[in-house]
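Notes follow the structure.
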Amino acid sequence: MLILALAALTLIALDSFTSLLRPAHAWLEPLAQPFQWASTLPMRWREWNNESLESRAVIIANNDKLETEILVYKAQLQRMAELSAENLQLKSLLNGAELVKNSVIVAELVGISPDPFHHVITINRGAADNIREGLAVIDGEGLMGQVVEVFEQHSRVLLITDSRHALPIYNLRNNVRGIIEGSGDFQRLRLRHVSPTQDIQVGDTLLSSGLGQRFPSGYPVGTVSAINKDPGQAFIEVSVTPAAKVDRSLRLLVVFSTVEALDNYSQTKSTSIPKNVDSSNAEEE
């Protein structure tokens with residue numbers, strides 16, 4: 001047992017501080033996939049069981065609600081298309097040189113990290129789907145995390161609640177910028193280095209700012225849930241509830257951000273919307 005323990009510690013050290021075991025990672029990953037998939041079975045069983053036990057009246061009510069929401073979203077999408085057209089015209093008038101566009105690909109959660117201190121998940125999209133390190137991952141509610149390791153058929157995603165993760169944000173109410181970091185708790189984030197004089201309130205919505213060019217801007221990150229002011233401390237403690245269902249979402253979206261150079265003024269002079277604007281939810285300036 002002592003020899004096995006020493007061997008394990010040696011392998012952990014080599015994996016943490018060198019890249020010697022990187023080929024072994026790529027070889028063993030396909031073998032580990034069935035076990036990672038099996039680890040999500042309880043979550044999938046719970047979801048299937050909840051759906052199966054719902055009464056017919058509840059299902060009908062939910063369908064009516066979803067149809068109403070779809071109608072509202074379609075109306076909002078039409079307004080976004082109009083704003084995108086106006087945005088293109090303003091860019092051309094200001095001699096803008098680049099048009100930022102976001103597109104997404106659907107992914108499914110197929111594995112979770114067994115280490116409770118590392119909030120890492122595995123998705124069923126990899127290099128074969130043009131996934132690369134650094135891409136943002138969202139669910140239907142907000143920002144989930146970013147891709148940190150890519151294999152041929154799957155990738156690993158570091159969640160925003162991991163204590164090693166941080167990203168720049170801004171307050172939707174007053175545009176004040178800040179840095180938010182994970183706390184190791186799926187239900188809580190922390191706002192770093194907040195001055196006691198800073199204008200922040202419980203209920204404020206925090207969005208990704210896009211600074212650092214890692215995450216696209218405008219995605220919901222969380223809502224301020226508590227503010228603790230200690231007179232003896234230089235900064236106040238601000239707790240944030242994540243917008244995304246970090247510990248529950250099974251279907252996710254990987255966000256691609258690309259920059260396309262505009263050929264000339266005439267390409268943006270028309271008020272018509274390019275085909276990819278509606279489907280990619282182009283970001284407003």
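Note on naming: chains are A, B, ... as they come in the structure tokens, residues start from 1 per chain, ligands start from 1 in the order shown.
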- Message: Taking the DSSP secondary structure from the backbone, can you list the residues of segment 102-210 of chain A that are strand (DSSP E or B), as number ranges by chain?
- Response: A: 102-112, 120-123, 136-138, 143-150, 155-159, 166-171, 177-185, 188-194, 205-208
- Task: Using only C-alpha atoms, determine which residues lie at most 10 Å from segment 16-30 of chain A, disregarding the query and same-chain residues fewer than 6 positions distant; provide the list as a PyMOL selection string.
- Result: chain A and resi 10+36+150-154
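You can rank A:Asn171, A:Asn62, A:Gln33, A:Ile179 by their closest distance to Leu206 of chain A using only C-alpha atoms, and at the top of that list sits A:Asn171.
For the pair atom CA of Ala61 of chain A and atom CA of Pro42 of chain A, the separation is 27.1 Å.
Among the candidates A:Asn124, A:Asn130, A:Gln213, A:Ser39, the one nearest to Arg156 of chain A when counting only C-alpha atoms is A:Asn124.
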- Query: Of the residues A:Asn228, A:Val246, A:Leu189, A:Ser209, which is the one nearest to Val120 of chain A, using only C-alpha atoms?
  - Reply: A:Val246
